[in-house]
Amino acid sequence: MAKDTGASEPVGALHAIVLDVNDLESCAGFWSEVLGKEISFKTDKYCRIGAGDDPPSLLLQKVPEQHEHKNRAHIDLDIKNIESAVQRVVDLGGTKLDEISEYGIRWAVMADPDGNEFCLVQHS
């Protein structure tokens with residue numbers, strides 16, 4: 001059982017969110033456009049979207065296994081207009097999976113070209 005020590009120094013700061021992908025090229029272009037950030041680093045196995053001095057960045061990691069199940073964690077993006085944001089993501093190669101409205105908030109559940117889920121979130 002963790003000991004309650006009250007306020008304390010953090011272990012670290014959020015530097016990057018990492019997504020496993022199969023198609024590094026397609027996902028790099030997709031996420032760069034969705035986030036409006038440049039590709040700051042790229043190899044045959046990794047691609048960083050956004051600079052390290054503007055955390056968190058998105059790090060794409062090429063993996064051989066296919067995406068098979070729902071993500072245990074996902075990214076939420078604040079947006080102003082859900083309809084136009086959904087259309088833009090679809091035009092960039094994403095897929096709309098679902099739409100939910102709860103507590104005065106609308107979510108569009110989306111997937112990137114490799115099937116990684118994320119949400120577009122519009123607050124009322």
# chains A, B, ... in the order shown; residues from 1 in each chain; ligands from 1
$ residues_around --residues "Pro64 of chain A" --least-positions-apart "3" --cutoff "12 Å" --atoms "only C-alpha atoms" --output "VMD selection string"
chain A and resid 20 to 24 45 61 67 114
$ residues_around --residues "segment 93-105 of chain A" --least-positions-apart "4" --cutoff "12 Å" --atoms "only C-alpha atoms" --output "number ranges by chain"
A: 26-31, 33-34, 70, 78-83, 85-89, 109-124
$ atom_distance --atom1 "atom CA of Val63 of chain A" --atom2 "atom CA of Val18 of chain A"
11.7 Å
$ residues_around --residues "Arg48 of chain A" --least-positions-apart "4" --cutoff "12 Å" --atoms "only C-alpha atoms" --output "PyMOL selection string"
chain A and resi 15-19+24-25+27-29+31-32+35+37-44+52+54-62
$ write_last_selection --atoms "N, CA and C atoms" --output "compact mmCIF listing (two decimals), in the first residue's frame"
# COMPACT_ATOMS: atom_id res chain seq x y z
N HIS A 15 6.66 14.02 -21.25
CA HIS A 15 7.51 14.46 -22.36
C HIS A 15 6.92 14.07 -23.72
N ALA A 16 6.42 12.84 -23.81
CA ALA A 16 5.89 12.35 -25.08
C ALA A 16 4.82 11.29 -24.84
N ILE A 17 3.91 11.20 -25.78
CA ILE A 17 2.94 10.12 -25.83
C ILE A 17 3.39 9.25 -27.00
N VAL A 18 3.46 7.94 -26.78
CA VAL A 18 3.97 7.03 -27.80
C VAL A 18 2.83 6.17 -28.34
N LEU A 19 2.72 6.12 -29.66
CA LEU A 19 1.75 5.25 -30.32
C LEU A 19 2.50 4.22 -31.16
N LEU A 24 4.44 3.70 -40.67
CA LEU A 24 5.04 4.91 -40.10
C LEU A 24 4.83 6.12 -41.02
N GLU A 25 4.98 5.96 -42.32
CA GLU A 25 4.83 7.07 -43.26
C GLU A 25 3.42 7.65 -43.23
N CYS A 27 1.02 7.28 -40.95
CA CYS A 27 0.65 7.82 -39.64
C CYS A 27 1.41 9.11 -39.33
N ALA A 28 2.64 9.23 -39.79
CA ALA A 28 3.41 10.46 -39.57
C ALA A 28 2.73 11.65 -40.25
N GLY A 29 2.35 11.48 -41.49
CA GLY A 29 1.65 12.55 -42.20
C GLY A 29 0.31 12.87 -41.58
N TRP A 31 -0.80 12.35 -38.36
CA TRP A 31 -0.71 13.01 -37.05
C TRP A 31 -0.09 14.39 -37.15
N SER A 32 0.83 14.60 -38.06
CA SER A 32 1.40 15.93 -38.25
C SER A 32 0.31 16.92 -38.64
N LEU A 35 -2.42 17.35 -35.63
CA LEU A 35 -1.93 18.16 -34.52
C LEU A 35 -1.40 19.53 -34.95
N LYS A 37 1.52 20.13 -36.17
CA LYS A 37 2.91 20.22 -35.72
C LYS A 37 3.82 19.53 -36.74
N GLU A 38 5.03 20.04 -36.82
CA GLU A 38 6.02 19.50 -37.75
C GLU A 38 6.60 18.18 -37.26
N ILE A 39 7.11 17.40 -38.18
CA ILE A 39 7.89 16.22 -37.84
C ILE A 39 9.28 16.72 -37.46
N SER A 40 9.69 16.46 -36.22
CA SER A 40 10.97 17.00 -35.76
C SER A 40 12.09 15.96 -35.76
N PHE A 41 11.75 14.67 -35.90
CA PHE A 41 12.75 13.60 -35.89
C PHE A 41 12.14 12.41 -36.59
N LYS A 42 12.92 11.74 -37.44
CA LYS A 42 12.39 10.57 -38.13
C LYS A 42 13.51 9.61 -38.49
N THR A 43 13.27 8.34 -38.21
CA THR A 43 14.14 7.25 -38.65
C THR A 43 13.24 6.20 -39.29
N ASP A 44 13.77 5.04 -39.58
CA ASP A 44 12.93 3.99 -40.15
C ASP A 44 12.03 3.35 -39.09
N GLY A 52 10.82 18.73 -28.96
CA GLY A 52 11.05 18.35 -27.58
C GLY A 52 10.93 19.51 -26.61
N ASP A 54 8.54 21.64 -26.68
CA ASP A 54 7.11 21.96 -26.58
C ASP A 54 6.35 20.69 -26.19
N PRO A 55 6.64 20.13 -24.99
CA PRO A 55 6.03 18.86 -24.63
C PRO A 55 4.54 18.99 -24.33
N PRO A 56 3.78 17.92 -24.42
CA PRO A 56 4.28 16.63 -24.87
C PRO A 56 4.28 16.53 -26.40
N SER A 57 5.22 15.80 -26.92
CA SER A 57 5.23 15.51 -28.35
C SER A 57 4.59 14.13 -28.54
N LEU A 58 4.34 13.79 -29.78
CA LEU A 58 3.79 12.47 -30.11
C LEU A 58 4.90 11.69 -30.79
N LEU A 59 5.24 10.55 -30.24
CA LEU A 59 6.27 9.70 -30.82
C LEU A 59 5.60 8.47 -31.41
N LEU A 60 5.78 8.27 -32.71
CA LEU A 60 5.26 7.09 -33.38
C LEU A 60 6.37 6.05 -33.44
N GLN A 61 6.04 4.83 -33.06
CA GLN A 61 7.01 3.74 -33.01
C GLN A 61 6.52 2.62 -33.92
N LYS A 62 7.30 2.29 -34.94
CA LYS A 62 6.91 1.24 -35.88
C LYS A 62 7.07 -0.13 -35.21
$ closest_residue --among "A:Glu9, A:Leu92, A:Leu77, A:Gln66" --to "Trp107 of chain A" --atoms "only C-alpha atoms"
A:Leu77
$ closest_residue --among "A:Gly36, A:Ala108, A:Ala13, A:Ser8" --to "Ile75 of chain A" --atoms "only C-alpha atoms"
A:Ala108
$ select_by_dssp --residues "segment 3-46 of chain A" --states "alpha helix (DSSP H)" --output "list in words"
Leu24, Glu25, Ser26, Cys27, Ala28, Gly29, Phe30, Trp31, Ser32, Glu33, Val34 and Leu35 of chain A
$ write_last_selection --atoms "N, CA and C atoms" --output "PDB file, in the first residue's frame"
ATOM      1  N   LEU A  24       4.442   3.702 -40.670  1.00  0.00           N
ATOM      2  CA  LEU A  24       5.044   4.912 -40.105  1.00  0.00           C
ATOM      3  C   LEU A  24       4.828   6.124 -41.017  1.00  0.00           C
ATOM      4  N   GLU A  25       4.978   5.959 -42.315  1.00  0.00           N
ATOM      5  CA  GLU A  25       4.827   7.072 -43.260  1.00  0.00           C
ATOM      6  C   GLU A  25       3.418   7.654 -43.227  1.00  0.00           C
ATOM      7  N   SER A  26       2.433   6.788 -43.353  1.00  0.00           N
ATOM      8  CA  SER A  26       1.040   7.232 -43.369  1.00  0.00           C
ATOM      9  C   SER A  26       0.651   7.899 -42.054  1.00  0.00           C
ATOM     10  N   CYS A  27       1.015   7.283 -40.952  1.00  0.00           N
ATOM     11  CA  CYS A  27       0.652   7.822 -39.641  1.00  0.00           C
ATOM     12  C   CYS A  27       1.408   9.113 -39.331  1.00  0.00           C
ATOM     13  N   ALA A  28       2.640   9.234 -39.793  1.00  0.00           N
ATOM     14  CA  ALA A  28       3.412  10.463 -39.569  1.00  0.00           C
ATOM     15  C   ALA A  28       2.727  11.646 -40.246  1.00  0.00           C
ATOM     16  N   GLY A  29       2.345  11.484 -41.488  1.00  0.00           N
ATOM     17  CA  GLY A  29       1.650  12.551 -42.199  1.00  0.00           C
ATOM     18  C   GLY A  29       0.305  12.869 -41.576  1.00  0.00           C
ATOM     19  N   PHE A  30      -0.433  11.828 -41.206  1.00  0.00           N
ATOM     20  CA  PHE A  30      -1.743  11.997 -40.591  1.00  0.00           C
ATOM     21  C   PHE A  30      -1.643  12.798 -39.297  1.00  0.00           C
ATOM     22  N   TRP A  31      -0.801  12.352 -38.364  1.00  0.00           N
ATOM     23  CA  TRP A  31      -0.713  13.008 -37.054  1.00  0.00           C
ATOM     24  C   TRP A  31      -0.091  14.394 -37.147  1.00  0.00           C
ATOM     25  N   SER A  32       0.829  14.602 -38.059  1.00  0.00           N
ATOM     26  CA  SER A  32       1.403  15.932 -38.245  1.00  0.00           C
ATOM     27  C   SER A  32       0.308  16.924 -38.645  1.00  0.00           C
ATOM     28  N   GLU A  33      -0.567  16.518 -39.549  1.00  0.00           N
ATOM     29  CA  GLU A  33      -1.679  17.374 -39.983  1.00  0.00           C
ATOM     30  C   GLU A  33      -2.721  17.536 -38.880  1.00  0.00           C
ATOM     31  N   VAL A  34      -3.097  16.456 -38.219  1.00  0.00           N
ATOM     32  CA  VAL A  34      -4.121  16.518 -37.167  1.00  0.00           C
ATOM     33  C   VAL A  34      -3.684  17.450 -36.042  1.00  0.00           C
ATOM     34  N   LEU A  35      -2.422  17.355 -35.632  1.00  0.00           N
ATOM     35  CA  LEU A  35      -1.930  18.163 -34.524  1.00  0.00           C
ATOM     36  C   LEU A  35      -1.399  19.527 -34.952  1.00  0.00           C
TER      37      LEU A  35
END
$ atom_distance --atom1 "atom CA of Asp76 of chain A" --atom2 "atom CA of Val11 of chain A"
23.4 Å
